[in-house]
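Visitor: Handing over entry-v9.cif, mmCIF, C-alpha atoms.
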data_final
loop_
_atom_site.label_atom_id
_atom_site.label_comp_id
_atom_site.auth_asym_id
_atom_site.auth_seq_id
_atom_site.Cartn_x
_atom_site.Cartn_y
_atom_site.Cartn_z
CA MET A 1410 -16.52 0.74 -29.38
CA SER A 1411 -18.23 1.73 -26.11
CA ASP A 1412 -21.67 0.30 -25.35
CA HIS A 1413 -22.62 3.69 -23.93
CA PRO A 1414 -23.97 5.79 -26.81
CA LEU A 1415 -23.13 9.25 -25.46
CA LEU A 1416 -19.81 8.26 -23.94
CA ARG A 1417 -18.50 7.13 -27.32
CA ARG A 1418 -19.56 10.44 -28.87
CA LEU A 1419 -17.59 12.59 -26.48
CA PRO A 1420 -14.86 14.46 -28.39
CA VAL A 1421 -11.19 13.89 -27.54
CA SER A 1422 -10.59 17.62 -27.22
CA LYS A 1423 -12.34 19.81 -24.66
CA ASP A 1424 -12.11 22.74 -27.09
CA CYS A 1425 -14.91 21.67 -29.42
CA SER A 1426 -17.28 24.44 -30.43
CA SER A 1427 -20.92 24.41 -29.33
CA ASP A 1428 -21.94 23.71 -32.93
CA GLU A 1429 -19.71 20.64 -33.09
CA LEU A 1430 -21.03 19.35 -29.78
CA LEU A 1431 -24.60 19.97 -30.89
CA SER A 1432 -23.97 17.97 -34.06
CA LEU A 1433 -22.59 15.06 -32.00
CA PHE A 1434 -25.63 15.08 -29.73
CA LEU A 1435 -28.05 15.21 -32.65
CA ASP A 1436 -26.31 12.12 -34.07
CA TYR A 1437 -27.30 10.36 -30.85
CA VAL A 1438 -30.91 11.54 -31.28
CA THR A 1439 -30.94 10.18 -34.82
CA GLU A 1440 -29.48 6.85 -33.68
CA ARG A 1441 -32.35 6.49 -31.22
CA LYS A 1442 -34.78 7.19 -34.09
CA LEU A 1443 -36.25 10.18 -32.28
CA GLU A 1444 -37.68 13.30 -33.83
CA LEU A 1445 -37.34 16.40 -31.69
CA TYR A 1446 -40.45 18.37 -30.82
CA PRO A 1447 -40.14 22.13 -31.47
CA ALA A 1448 -39.88 22.86 -27.73
CA GLN A 1449 -37.13 20.25 -27.29
CA GLU A 1450 -35.17 21.66 -30.19
CA GLU A 1451 -35.50 25.24 -28.95
CA ALA A 1452 -34.47 24.34 -25.40
CA ILE A 1453 -31.41 22.38 -26.55
CA LEU A 1454 -30.27 25.19 -28.84
CA GLU A 1455 -30.59 27.72 -26.00
CA LEU A 1456 -28.62 25.50 -23.61
CA PHE A 1457 -25.83 25.13 -26.16
CA GLU A 1458 -25.71 28.95 -26.28
CA ASP A 1459 -24.84 28.80 -22.55
CA LYS A 1460 -28.16 30.30 -21.40
CA ASN A 1461 -30.37 29.36 -18.47
CA VAL A 1462 -33.55 27.64 -19.63
CA ILE A 1463 -36.95 27.29 -17.97
CA LEU A 1464 -38.64 24.35 -19.69
CA ALA A 1465 -42.39 24.27 -19.04
CA THR A 1466 -43.98 21.62 -21.27
CA PRO A 1467 -46.51 18.83 -20.60
CA THR A 1468 -45.70 15.40 -19.23
CA GLY A 1469 -44.37 13.09 -21.93
CA SER A 1470 -42.96 15.87 -24.11
CA GLY A 1471 -39.33 14.76 -23.80
CA LYS A 1472 -37.93 17.04 -21.10
CA SER A 1473 -35.52 14.31 -19.99
CA LEU A 1474 -33.82 14.35 -23.39
CA VAL A 1475 -33.15 18.08 -22.99
CA ALA A 1476 -31.56 17.39 -19.60
CA THR A 1477 -29.39 14.69 -21.19
CA ALA A 1478 -28.20 17.24 -23.76
CA MET A 1479 -27.07 19.51 -20.94
CA HIS A 1480 -25.15 16.67 -19.27
CA PHE A 1481 -23.48 15.84 -22.58
CA ARG A 1482 -22.34 19.39 -23.25
CA SER A 1483 -21.06 19.77 -19.71
CA MET A 1484 -19.07 16.54 -19.75
CA ALA A 1485 -17.68 17.22 -23.24
CA GLN A 1486 -16.29 20.53 -21.93
CA GLY A 1487 -14.68 18.90 -18.91
CA ARG A 1488 -17.19 20.26 -16.39
CA ARG A 1489 -19.48 18.67 -13.82
CA SER A 1490 -23.28 18.66 -13.97
CA ILE A 1491 -25.89 17.76 -11.39
CA TYR A 1492 -29.45 16.48 -11.72
CA THR A 1493 -31.84 16.94 -8.81
CA CYS A 1494 -35.48 16.11 -8.09
CA PRO A 1495 -37.71 15.56 -5.03
CA ILE A 1496 -38.23 11.79 -5.15
CA LYS A 1497 -35.56 9.15 -4.44
CA ALA A 1498 -37.22 6.69 -6.82
CA LEU A 1499 -36.80 9.18 -9.67
CA VAL A 1500 -33.18 9.87 -8.70
CA ASN A 1501 -32.52 6.11 -8.87
CA GLU A 1502 -34.18 5.87 -12.27
CA LYS A 1503 -32.25 8.81 -13.75
CA PHE A 1504 -29.01 7.42 -12.32
CA LEU A 1505 -29.52 4.09 -14.10
CA ALA A 1506 -30.55 5.78 -17.37
CA LEU A 1507 -27.50 8.08 -17.36
CA CYS A 1508 -25.22 5.11 -16.56
CA ARG A 1509 -26.49 3.46 -19.74
CA ASP A 1510 -25.73 6.58 -21.79
CA PHE A 1511 -22.46 7.79 -20.23
CA GLY A 1512 -21.04 4.71 -18.50
CA PRO A 1513 -21.32 3.89 -14.77
CA GLU A 1514 -17.87 5.30 -14.03
CA ASN A 1515 -19.07 8.76 -15.08
CA VAL A 1516 -22.30 8.93 -13.09
CA GLY A 1517 -22.81 9.20 -9.35
CA MET A 1518 -25.80 9.19 -7.02
CA ALA A 1519 -26.54 10.67 -3.60
CA THR A 1520 -29.94 10.41 -1.92
CA GLY A 1521 -29.20 10.44 1.79
CA ASP A 1522 -29.89 6.71 1.91
CA ALA A 1523 -27.09 5.75 -0.47
CA THR A 1524 -24.07 7.33 -2.12
CA VAL A 1525 -22.36 5.95 -5.22
CA ASN A 1526 -19.40 7.54 -7.06
CA ARG A 1527 -20.16 10.96 -5.60
CA ASP A 1528 -17.25 12.74 -7.36
CA ALA A 1529 -18.32 11.63 -10.87
CA PRO A 1530 -18.73 14.18 -13.69
CA ILE A 1531 -22.51 13.69 -13.49
CA LEU A 1532 -24.27 13.48 -10.12
CA CYS A 1533 -27.93 12.56 -9.53
CA CYS A 1534 -29.29 13.60 -6.14
CA THR A 1535 -32.29 14.71 -4.16
CA ALA A 1536 -32.86 18.45 -3.88
CA GLU A 1537 -31.64 18.65 -0.28
CA ILE A 1538 -28.23 17.26 -1.29
CA LEU A 1539 -27.79 20.04 -3.85
CA ALA A 1540 -28.99 22.59 -1.30
CA ASN A 1541 -26.24 21.43 1.07
CA TYR A 1542 -23.61 21.96 -1.66
CA ALA A 1543 -25.07 25.40 -2.32
CA LEU A 1544 -25.06 26.42 1.35
CA ARG A 1545 -21.54 25.14 1.92
CA GLU A 1546 -19.82 26.36 -1.24
CA GLY A 1547 -22.11 28.88 -2.94
CA ALA A 1548 -20.59 30.22 -6.15
CA ARG A 1549 -17.64 27.83 -5.70
CA ALA A 1550 -19.89 24.75 -5.92
CA PRO A 1551 -18.35 22.24 -8.35
CA PHE A 1552 -21.35 22.02 -10.69
CA ARG A 1553 -21.40 24.38 -13.65
CA GLU A 1554 -24.63 22.91 -15.06
CA VAL A 1555 -27.61 22.39 -12.73
CA ILE A 1556 -30.80 20.56 -13.73
CA MET A 1557 -33.69 20.99 -11.31
CA ASP A 1558 -36.51 18.62 -12.22
CA GLU A 1559 -40.06 18.96 -10.86
CA PHE A 1560 -39.19 22.60 -10.21
CA HIS A 1561 -42.75 23.41 -9.06
CA TYR A 1562 -41.60 22.02 -5.67
CA TYR A 1563 -40.15 25.51 -5.21
CA ALA A 1564 -43.61 26.36 -3.84
CA ASP A 1565 -43.67 23.49 -1.33
CA GLN A 1566 -44.03 24.90 2.20
CA GLU A 1567 -41.73 22.32 3.79
CA ARG A 1568 -39.17 21.54 1.09
CA GLY A 1569 -39.25 24.54 -1.22
CA VAL A 1570 -36.14 26.05 0.37
CA ALA A 1571 -34.04 23.24 -1.17
CA TRP A 1572 -34.99 24.58 -4.63
CA GLN A 1573 -34.51 28.21 -3.61
CA VAL A 1574 -31.02 28.05 -2.07
CA PRO A 1575 -29.08 26.93 -5.20
CA LEU A 1576 -30.65 29.72 -7.27
CA LEU A 1577 -29.68 32.28 -4.64
CA THR A 1578 -26.09 31.15 -4.13
CA MET A 1579 -24.71 29.32 -7.21
CA SER A 1580 -24.15 32.41 -9.35
CA GLN A 1581 -21.55 30.75 -11.61
CA SER A 1582 -23.86 27.92 -12.64
CA ARG A 1583 -26.26 27.57 -15.55
CA PHE A 1584 -29.72 26.30 -14.69
CA LEU A 1585 -32.25 24.11 -16.49
CA LEU A 1586 -35.51 24.36 -14.55
CA ILE A 1587 -38.03 21.69 -15.58
CA SER A 1588 -41.72 21.32 -14.76
CA ALA A 1589 -44.95 20.28 -16.45
CA THR A 1590 -46.99 22.39 -14.02
CA LEU A 1591 -45.06 25.57 -13.41
CA GLY A 1592 -47.74 28.16 -14.12
CA THR A 1593 -46.40 31.58 -15.19
CA PRO A 1594 -42.56 31.54 -14.97
CA ASP A 1595 -41.83 35.22 -15.75
CA PHE A 1596 -40.69 35.91 -12.18
CA PHE A 1597 -38.07 33.15 -12.40
CA GLN A 1598 -36.84 34.33 -15.79
CA LYS A 1599 -36.12 37.79 -14.38
CA GLU A 1600 -34.57 36.65 -11.09
CA VAL A 1601 -32.39 33.83 -12.45
CA THR A 1602 -31.02 36.26 -15.05
CA ARG A 1603 -30.25 38.76 -12.28
CA LEU A 1604 -28.66 36.20 -9.97
CA THR A 1605 -26.44 34.52 -12.59
CA GLY A 1606 -25.78 37.49 -14.87
CA THR A 1607 -26.76 35.30 -17.81
CA GLU A 1608 -29.81 35.43 -20.06
CA THR A 1609 -32.67 33.11 -19.13
CA THR A 1610 -35.04 31.75 -21.78
CA ILE A 1611 -38.54 30.39 -21.23
CA VAL A 1612 -39.47 27.47 -23.48
CA SER A 1613 -43.10 26.52 -23.01
CA SER A 1614 -45.84 24.55 -24.72
CA THR A 1615 -49.30 23.27 -23.86
CA GLN A 1616 -49.48 20.68 -26.63
CA ARG A 1617 -49.42 17.12 -25.26
CA PRO A 1618 -47.81 14.50 -27.54
CA VAL A 1619 -50.54 12.08 -26.48
CA PRO A 1620 -53.99 13.69 -25.87
CA LEU A 1621 -56.12 12.66 -22.92
CA GLU A 1622 -59.71 11.44 -22.73
CA PHE A 1623 -61.51 12.01 -19.40
CA SER A 1624 -64.40 10.06 -17.87
CA TYR A 1625 -66.19 9.99 -14.52
CA VAL A 1626 -67.72 6.75 -13.24
CA GLU A 1627 -70.11 5.65 -10.49
CA THR A 1628 -69.10 1.99 -10.50
CA SER A 1629 -66.97 0.26 -7.85
CA VAL A 1630 -63.22 0.09 -8.43
CA ASP A 1631 -63.22 -3.62 -9.28
CA VAL A 1632 -65.97 -3.16 -11.88
CA THR A 1633 -64.24 -0.10 -13.34
CA LEU A 1634 -60.91 -1.93 -13.62
CA GLN A 1635 -62.42 -4.97 -15.33
CA ALA A 1636 -64.18 -2.72 -17.84
CA LEU A 1637 -60.97 -0.79 -18.60
CA ILE A 1638 -58.97 -3.97 -19.16
CA ALA A 1639 -61.71 -5.44 -21.36
CA GLU A 1640 -61.53 -2.25 -23.46
CA ASN A 1641 -57.75 -2.66 -23.87
CA LYS A 1642 -57.00 0.39 -21.71
CA ALA A 1643 -54.34 -1.32 -19.57
CA PRO A 1644 -51.85 -0.79 -17.98
CA VAL A 1645 -54.00 1.02 -15.42
CA TYR A 1646 -52.41 3.00 -12.61
CA LEU A 1647 -54.77 2.89 -9.62
CA VAL A 1648 -53.94 6.05 -7.67
CA HIS A 1649 -54.28 6.37 -3.90
CA PHE A 1650 -52.93 9.04 -1.58
CA THR A 1651 -51.50 6.88 1.19
CA GLN A 1652 -49.19 3.87 1.00
CA ASN A 1653 -51.53 1.86 3.21
CA ASP A 1654 -54.49 2.45 0.86
CA ALA A 1655 -52.37 1.39 -2.14
CA ALA A 1656 -51.30 -1.82 -0.37
CA GLN A 1657 -54.87 -2.58 0.70
CA ALA A 1658 -56.10 -2.08 -2.87
CA ALA A 1659 -53.55 -4.62 -4.17
CA GLN A 1660 -54.75 -7.13 -1.59
CA ASP A 1661 -58.41 -6.52 -2.44
CA LEU A 1662 -57.76 -7.13 -6.14
CA MET A 1663 -56.27 -10.59 -5.56
CA SER A 1664 -59.74 -12.09 -6.00
CA LEU A 1665 -59.87 -10.86 -9.62
CA ASN A 1666 -58.01 -12.32 -12.58
CA PHE A 1667 -56.23 -9.80 -14.79
CA CYS A 1668 -53.59 -11.87 -16.60
CA SER A 1669 -53.67 -14.94 -18.82
CA THR A 1670 -51.90 -18.16 -17.82
CA ALA A 1671 -49.15 -17.40 -20.35
CA GLU A 1672 -48.64 -13.89 -18.96
CA LYS A 1673 -48.38 -15.22 -15.41
CA ALA A 1674 -45.82 -17.79 -16.60
CA SER A 1675 -43.76 -15.00 -18.20
CA ILE A 1676 -43.90 -12.96 -14.98
CA LYS A 1677 -42.76 -15.96 -12.95
CA GLU A 1678 -39.88 -16.63 -15.35
CA LEU A 1679 -38.69 -13.01 -15.29
CA MET A 1680 -38.83 -12.97 -11.49
CA GLN A 1681 -36.45 -15.90 -11.17
CA GLY A 1682 -33.44 -14.88 -9.12
CA ALA A 1683 -35.21 -11.89 -7.53
CA LYS A 1684 -35.01 -11.97 -3.74
CA PHE A 1685 -38.01 -11.10 -1.60
CA THR A 1686 -36.38 -11.46 1.81
CA SER A 1687 -37.68 -8.29 3.44
CA PRO A 1688 -40.75 -8.49 5.71
CA TYR A 1689 -42.99 -7.08 2.96
CA GLY A 1690 -41.28 -8.99 0.16
CA LYS A 1691 -43.66 -11.95 0.28
CA GLU A 1692 -46.62 -9.64 -0.29
CA VAL A 1693 -44.95 -7.94 -3.27
CA LYS A 1694 -44.10 -11.34 -4.77
CA LYS A 1695 -47.67 -12.57 -4.31
CA TYR A 1696 -49.13 -9.51 -6.05
CA LEU A 1697 -46.69 -9.70 -8.95
CA HIS A 1698 -47.39 -13.39 -9.56
CA HIS A 1699 -51.04 -12.38 -9.91
CA GLY A 1700 -50.18 -9.62 -12.40
CA ILE A 1701 -50.67 -6.74 -9.94
CA GLY A 1702 -47.91 -4.23 -9.30
CA ILE A 1703 -47.45 -1.99 -6.28
CA HIS A 1704 -45.41 1.22 -6.45
CA HIS A 1705 -44.78 3.87 -3.80
CA ALA A 1706 -41.89 5.59 -2.02
CA GLY A 1707 -42.09 3.21 0.95
CA LEU A 1708 -41.03 0.18 -1.12
CA LEU A 1709 -37.42 -0.94 -1.35
CA PRO A 1710 -35.87 0.31 -4.63
CA LYS A 1711 -35.33 -3.24 -5.90
CA TYR A 1712 -39.08 -3.89 -5.72
CA ARG A 1713 -39.97 -0.64 -7.47
CA ILE A 1714 -37.44 -1.36 -10.24
CA LEU A 1715 -38.89 -4.86 -10.71
CA VAL A 1716 -42.41 -3.45 -10.97
CA GLU A 1717 -41.21 -0.87 -13.52
CA LYS A 1718 -39.44 -3.59 -15.55
CA LEU A 1719 -42.49 -5.86 -15.67
CA ALA A 1720 -44.76 -2.93 -16.49
CA GLN A 1721 -42.49 -1.81 -19.34
CA MET A 1722 -42.81 -5.33 -20.79
CA GLY A 1723 -46.61 -5.08 -20.69
CA LEU A 1724 -47.05 -7.87 -18.15
CA LEU A 1725 -48.76 -5.90 -15.37
CA LYS A 1726 -52.32 -4.86 -16.10
CA VAL A 1727 -52.86 -2.96 -12.83
CA ILE A 1728 -50.40 -1.03 -10.67
CA CYS A 1729 -51.58 0.16 -7.26
CA GLY A 1730 -49.65 3.12 -5.99
CA THR A 1731 -49.54 6.59 -4.57
CA ASP A 1732 -49.42 9.88 -6.43
CA THR A 1733 -45.58 9.84 -6.39
CA LEU A 1734 -45.81 8.25 -9.84
CA GLY A 1735 -46.80 11.72 -11.04
CA VAL A 1736 -43.25 12.83 -10.32
CA GLY A 1737 -41.71 11.59 -13.54
CA VAL A 1738 -41.14 7.89 -12.84
CA ASN A 1739 -40.90 5.94 -16.08
CA VAL A 1740 -43.70 3.40 -15.75
CA PRO A 1741 -45.72 2.95 -18.97
CA ILE A 1742 -49.33 3.82 -18.22
CA ARG A 1743 -52.29 3.94 -20.61
CA THR A 1744 -54.95 4.78 -18.02
CA VAL A 1745 -54.81 6.71 -14.76
CA LEU A 1746 -57.67 5.76 -12.42
CA LEU A 1747 -58.16 8.21 -9.56
CA THR A 1748 -59.85 6.73 -6.50
CA LYS A 1749 -60.34 10.19 -4.97
CA LEU A 1750 -60.20 13.84 -5.94
CA SER A 1751 -59.20 15.03 -2.47
CA LYS A 1752 -56.22 14.32 -0.25
CA TYR A 1753 -54.56 15.28 3.02
CA GLY A 1754 -52.06 18.04 2.31
CA GLY A 1755 -50.23 18.16 5.64
CA GLN A 1756 -52.70 20.37 7.50
CA LYS A 1757 -56.14 19.36 6.23
CA VAL A 1758 -57.96 17.30 3.62
CA ALA A 1759 -58.76 19.35 0.53
CA THR A 1760 -59.68 18.94 -3.13
CA LEU A 1761 -56.67 18.21 -5.33
CA SER A 1762 -54.83 21.28 -6.51
CA ALA A 1763 -54.68 21.89 -10.26
CA ARG A 1764 -50.94 21.14 -10.08
CA ASP A 1765 -51.40 17.78 -8.36
CA PHE A 1766 -54.19 16.84 -10.73
CA HIS A 1767 -52.18 17.64 -13.88
CA GLN A 1768 -49.04 15.95 -12.53
CA ILE A 1769 -50.88 12.70 -11.82
CA THR A 1770 -53.12 12.57 -14.89
CA GLY A 1771 -50.24 13.58 -17.13
CA ARG A 1772 -48.78 10.08 -16.78
CA ALA A 1773 -51.58 8.60 -18.92
CA GLY A 1774 -50.67 7.80 -22.53
CA ARG A 1775 -47.23 6.68 -23.67
CA ARG A 1776 -45.43 8.42 -26.48
CA GLY A 1777 -44.68 5.91 -29.22
CA PHE A 1778 -47.20 3.40 -27.86
CA ASP A 1779 -50.54 5.15 -27.41
CA ASP A 1780 -52.56 7.46 -29.63
CA ILE A 1781 -54.55 8.56 -26.61
CA GLY A 1782 -54.31 8.37 -22.82
CA PHE A 1783 -57.27 7.80 -20.51
CA VAL A 1784 -58.07 9.45 -17.19
CA VAL A 1785 -60.91 8.04 -15.10
CA ALA A 1786 -62.17 9.41 -11.77
CA GLN A 1787 -64.22 7.40 -9.31
CA ALA A 1788 -67.22 9.02 -7.65
CA PRO A 1789 -67.15 9.05 -3.80
CA GLU A 1790 -67.81 5.61 -2.28
CA HIS A 1791 -71.16 6.53 -0.69
CA ILE A 1792 -72.38 7.85 -4.06
CA ILE A 1793 -71.38 4.56 -5.71
CA GLU A 1794 -73.16 2.53 -3.00
CA ASN A 1795 -76.31 4.61 -3.41
CA ALA A 1796 -76.19 4.13 -7.18
CA LYS A 1797 -75.98 0.35 -6.64
CA MET A 1798 -79.02 0.37 -4.35
CA GLU A 1799 -81.01 2.49 -6.79
CA ALA A 1800 -80.15 0.13 -9.64
CA LYS A 1801 -81.34 -2.89 -7.60
CA ALA A 1802 -84.58 -1.17 -6.61
CA ALA A 1803 -85.30 0.21 -10.07
CA GLY A 1804 -88.98 -0.23 -10.92
CA ASP A 1805 -89.94 -1.37 -7.40
CA VAL A 1806 -91.74 1.54 -5.71
CA LYS A 1807 -91.78 -0.13 -2.26
CA LYS A 1808 -88.05 -0.80 -2.30
CA MET A 1809 -87.36 2.75 -3.45
CA ARG A 1810 -89.40 4.15 -0.53
CA LYS A 1811 -87.69 1.92 2.04
CA MET A 1812 -84.20 2.58 0.71
CA VAL A 1813 -81.96 4.44 3.17
CA LYS A 1814 -79.24 6.24 1.29
CA LYS A 1815 -75.72 6.27 2.67
CA LYS A 1816 -74.34 9.58 3.80
CA ALA A 1817 -70.84 10.91 3.46
CA PRO A 1818 -68.53 10.12 6.42
CA GLU A 1819 -68.04 12.86 9.01
CA GLY A 1820 -65.44 15.41 7.88
CA PHE A 1821 -65.53 14.06 4.34
CA VAL A 1822 -64.30 16.48 1.65
CA GLY A 1823 -66.41 15.53 -1.33
CA TRP A 1824 -66.17 15.96 -5.06
CA SER A 1825 -68.40 15.55 -8.08
CA GLU A 1826 -68.23 15.34 -11.84
CA ASP A 1827 -68.23 19.15 -11.89
CA THR A 1828 -65.11 19.15 -9.67
CA PHE A 1829 -63.48 16.77 -12.14
CA LYS A 1830 -64.34 18.97 -15.12
CA LYS A 1831 -63.05 22.12 -13.42
CA LEU A 1832 -59.72 20.44 -12.59
CA GLN A 1833 -59.25 19.46 -16.23
CA THR A 1834 -59.19 23.09 -17.34
CA ALA A 1835 -57.64 24.66 -14.23
CA THR A 1836 -54.24 26.33 -14.66
CA PRO A 1837 -51.46 25.33 -12.23
#
Mind turning this structure into C-alpha cells?

Guide:
Amino acid sequence: MSDHPLLRRLPVSKDCSSDELLSLFLDYVTERKLELYPAQEEAILELFEDKNVILATPTGSGKSLVATAMHFRSMAQGRRSIYTCPIKALVNEKFLALCRDFGPENVGMATGDATVNRDAPILCCTAEILANYALREGARAPFREVIMDEFHYYADQERGVAWQVPLLTMSQSRFLLISATLGTPDFFQKEVTRLTGTETTIVSSTQRPVPLEFSYVETSVDVTLQALIAENKAPVYLVHFTQNDAAQAAQDLMSLNFCSTAEKASIKELMQGAKFTSPYGKEVKKYLHHGIGIHHAGLLPKYRILVEKLAQMGLLKVICGTDTLGVGVNVPIRTVLLTKLSKYGGQKVATLSARDFHQITGRAGRRGFDDIGFVVAQAPEHIIENAKMEAKAAGDVKKMRKMVKKKAPEGFVGWSEDTFKKLQTATP
C-alpha cells in the first residue's frame, strides 16, 4: 500500500463519476479525522460539479483542503492541475505537502530559482510562471484546473498582471480563486463566468474557526514578549516590515531567556546534521539554539523549513519575521505581535491597509490547538519612552516639570489605539 494517502485512493479507471471521486476524497478527510466546515463542503461540492469557485473565507478555515480536493479530482481524471501563489516560501511548502499526499513523482515545482519535475500532473509555481504559460499557450495551456492562492494580489500595482493574464487567456480551464481578504467578489464571478463559459460560484464566510482577542500596549517589545510568554501565549510571531528589522530584533532578544534547558537541548538534538554553511547561517544557528526563530523571504529555504519544523514542535517561543508570514505559510502561531501599524508600500510610508492588517493578524490562533488567538500592537516607540519617563517621575512634581518628552521622528507616520481599533473592523 502506498504511503501517500491520496495517491492510493486514485481510481484505476479515469471514467469514475464525480460522485465516486467525491466519496474517495471524503474517505481521505475521514482518515485525517477532519470535519469539514460548511464553506469547505460547499466549495468542494461545487468544484466536483466542474464549476469555477471563488473561495473567500478567513485565515485558518481550511482553504488548502479545498485546493487539495481540486488536485485530486484533476489527477483522477487524467488531467493536469496547477497551484500558484505570490511567495516562493509558500510554493515550497505546498510542494512538500502535495508530495506527501500524492507522491513526489506526481508533483512538480517551478519558482524561477528552482525547477523540479516540471511536467508532473500537479505543478506548484509562483504566479509569474503561470502567467508565462498563459501568455505563451492561452487556451491550449496544459492545466485544466487552476488554483490561484492569495488572489487579492490581483490588485497589486506591480504584480497584479500575473493574476490577470491567466483569467483572460485560459478559457478552457476551471479556476479556484482563494483569498481571506478579497472584499466583494461579484465582479470576478461575472467576468470569470463570461471568460470561461462556465458557471462561477462564490463561497464566502466571515466566521473564524479560532476567534481573536486584540490588545494595545505601551510597554517595550522585550517586556511585552516576556509577559506574553509568562501568560502561555507563545509561540509569538514578532512582525516587522523589513528583513533587516527582523534580523536586528532577533539579535536584540539574545539577552533574554525564552526556553528551558530541556527545550534548548531538544532544539540542539533536532538540529544535528543541519548545515549552516552560508554567510548568514551562523547567525540563524545562534538564534535557534537560543529558542528564537527568524523567518522571511530573504532566508535560504532550508533555514525557513527548519524554523517551521521547530515551531511546529512547540520549541520556538518567539519568531522574528516580516509580514510575508501572512501569506499562508504554515507556522503555528498563538500570538501575532505587531511592532508597527504603518509600513513603506513602495512609494511612501502609510498606515497598514485593512487587507494587510487582516492577512497578518489572521495567522494568530491554530485550529485544533488554540481556543483563541491573540493580536497585540505596540504603541510607537516615542510614546513608549514617554510612558516610561512618566512612570519613573510619578508623584515627583519637580521631575514631571523637568521631563522633556520625546517627539516623533521627522516624517514619521504615526498610529494610536484608535487606529488599531478601526483596522480591526475595516473591510478589505

Visitor: Here is a test: counting all atoms listed in the file, which residue of A:Gln1616, A:Ser1422, A:Thr1628, A:Asn1666 is nearest to Gly1487 in chain A?

Guide: A:Ser1422

Visitor: Name the residues, using the chain letters and numbers of the file, that sit within 7 Å of (-56.5, 21.1, -15.4) when counting all atoms listed in the file, and give them as an MDAnalysis selection string.

Guide: chainID A and resid 1763 1766:1767 1831:1836

Visitor: Could you tell me how far CA of Ser1751 in chain A sits from CA of Pro1818 in chain A, in Å to one decimal place?

Guide: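 These atoms are spaced 13.8 Å apart.
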
Visitor: CA of Glu1444 in chain A and CA of Arg1418 in chain A, how far apart in Å?

Guide: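 So the answer is 19.0 Å.
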
Visitor: Could you expand the PyMOL selection byres ((chain A and resi 1646) around 7) into the explicit residues it covers here, written as a short mmCIF file (atom, residue, chain, number, x, y, z; two decimals) with C-alpha atoms, keeping the file's coordinate frame?

Guide:
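Final file, part.cif:
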data_model
loop_
_atom_site.label_atom_id
_atom_site.label_comp_id
_atom_site.auth_asym_id
_atom_site.auth_seq_id
_atom_site.Cartn_x
_atom_site.Cartn_y
_atom_site.Cartn_z
CA PRO A 1644 -51.85 -0.79 -17.98
CA VAL A 1645 -54.00 1.02 -15.42
CA LEU A 1647 -54.77 2.89 -9.62
CA VAL A 1648 -53.94 6.05 -7.67
CA VAL A 1727 -52.86 -2.96 -12.83
CA ILE A 1728 -50.40 -1.03 -10.67
CA CYS A 1729 -51.58 0.16 -7.26
CA ILE A 1742 -49.33 3.82 -18.22
CA THR A 1744 -54.95 4.78 -18.02
CA VAL A 1745 -54.81 6.71 -14.76
CA LEU A 1746 -57.67 5.76 -12.42
#

Visitor: Looking at all atoms listed in the file, which of A:Leu1708, A:Leu1724, A:Leu1443, A:Ala1643 is the one that sits closest to Gly1774 in chain A?

Guide: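 That would be A:Ala1643, the residue with the smallest distance to Gly1774 in chain A.
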
Visitor: Excluding Glu1622 in chain A and residues on its chain fewer than 4 positions from it, collect all residues at most 9 Å away from it, counting all atoms listed in the file, and give them as a PyMOL selection string.

Guide: chain A and resi 1781-1785

Visitor: Give as a PDB file with C-alpha atoms, keeping the file's coordinate frame every residue, naming chains and numbers as the document does, that has an atom within 7 Å of (-36.6, 29.0, -26.8), counting all atoms listed in the file.

Guide:
ATOM      1  CA  GLU A1451     -35.500  25.240 -28.950  1.00  0.00           C
ATOM      2  CA  ALA A1452     -34.470  24.340 -25.400  1.00  0.00           C
ATOM      3  CA  GLU A1455     -30.590  27.720 -26.000  1.00  0.00           C
ATOM      4  CA  THR A1610     -35.040  31.750 -21.780  1.00  0.00           C
ATOM      5  CA  ILE A1611     -38.540  30.390 -21.230  1.00  0.00           C
ATOM      6  CA  VAL A1612     -39.470  27.470 -23.480  1.00  0.00           C
TER       7      VAL A1612
END

Visitor: Have a look at CA of Val1822 in chain A and CA of Thr1760 in chain A and let me know their distance in Å, one decimal.

Guide: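 That distance, rounded to one decimal, is 7.1 Å.
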
Visitor: Would you pick out the contacts of Arg1482 in chain A at 7 Å or less, using all atoms listed in the file, so that residues sharing its chain but fewer than 4 positions from it are not included, and give the list as number ranges by chain?

Guide: A: 1430, 1478, 1486

Visitor: Name the residues that the PyMOL selection byres ((chain A and resi 1548) around 9) pulls out of this structure, and write them as a list in words.

Guide: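 Written out, the selection comes to Ala1543, Glu1546, Gly1547, Arg1549, Ala1550, Pro1551, Thr1578, Met1579, Ser1580, Gln1581 and Ser1582 of chain A.
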
Visitor: What does the PyMOL selection byres ((chain A and resi 1472) around 10) select in this file, as a VMD selection string?

Guide: chain A and resid 1448 to 1449 1452 1464 to 1471 1473 to 1477 1558 1587 to 1589

Visitor: Could you pull the residues within 10 Å of range 1571-1574 of chain A, counting only C-alpha atoms, minus those fewer than 6 positions along the same chain, as a PyMOL selection string?

Guide: chain A and resi 1493-1495+1535-1544+1547+1557-1565+1586

Visitor: Would you save the residues from that selection as a short mmCIF file (atom, residue, chain, number, x, y, z; two decimals), in the frame of the given file, using C-alpha atoms?

Guide:
data_model
loop_
_atom_site.label_atom_id
_atom_site.label_comp_id
_atom_site.auth_asym_id
_atom_site.auth_seq_id
_atom_site.Cartn_x
_atom_site.Cartn_y
_atom_site.Cartn_z
CA THR A 1493 -31.84 16.94 -8.81
CA CYS A 1494 -35.48 16.11 -8.09
CA PRO A 1495 -37.71 15.56 -5.03
CA THR A 1535 -32.29 14.71 -4.16
CA ALA A 1536 -32.86 18.45 -3.88
CA GLU A 1537 -31.64 18.65 -0.28
CA ILE A 1538 -28.23 17.26 -1.29
CA LEU A 1539 -27.79 20.04 -3.85
CA ALA A 1540 -28.99 22.59 -1.30
CA ASN A 1541 -26.24 21.43 1.07
CA TYR A 1542 -23.61 21.96 -1.66
CA ALA A 1543 -25.07 25.40 -2.32
CA LEU A 1544 -25.06 26.42 1.35
CA GLY A 1547 -22.11 28.88 -2.94
CA MET A 1557 -33.69 20.99 -11.31
CA ASP A 1558 -36.51 18.62 -12.22
CA GLU A 1559 -40.06 18.96 -10.86
CA PHE A 1560 -39.19 22.60 -10.21
CA HIS A 1561 -42.75 23.41 -9.06
CA TYR A 1562 -41.60 22.02 -5.67
CA TYR A 1563 -40.15 25.51 -5.21
CA ALA A 1564 -43.61 26.36 -3.84
CA ASP A 1565 -43.67 23.49 -1.33
CA LEU A 1586 -35.51 24.36 -14.55
#
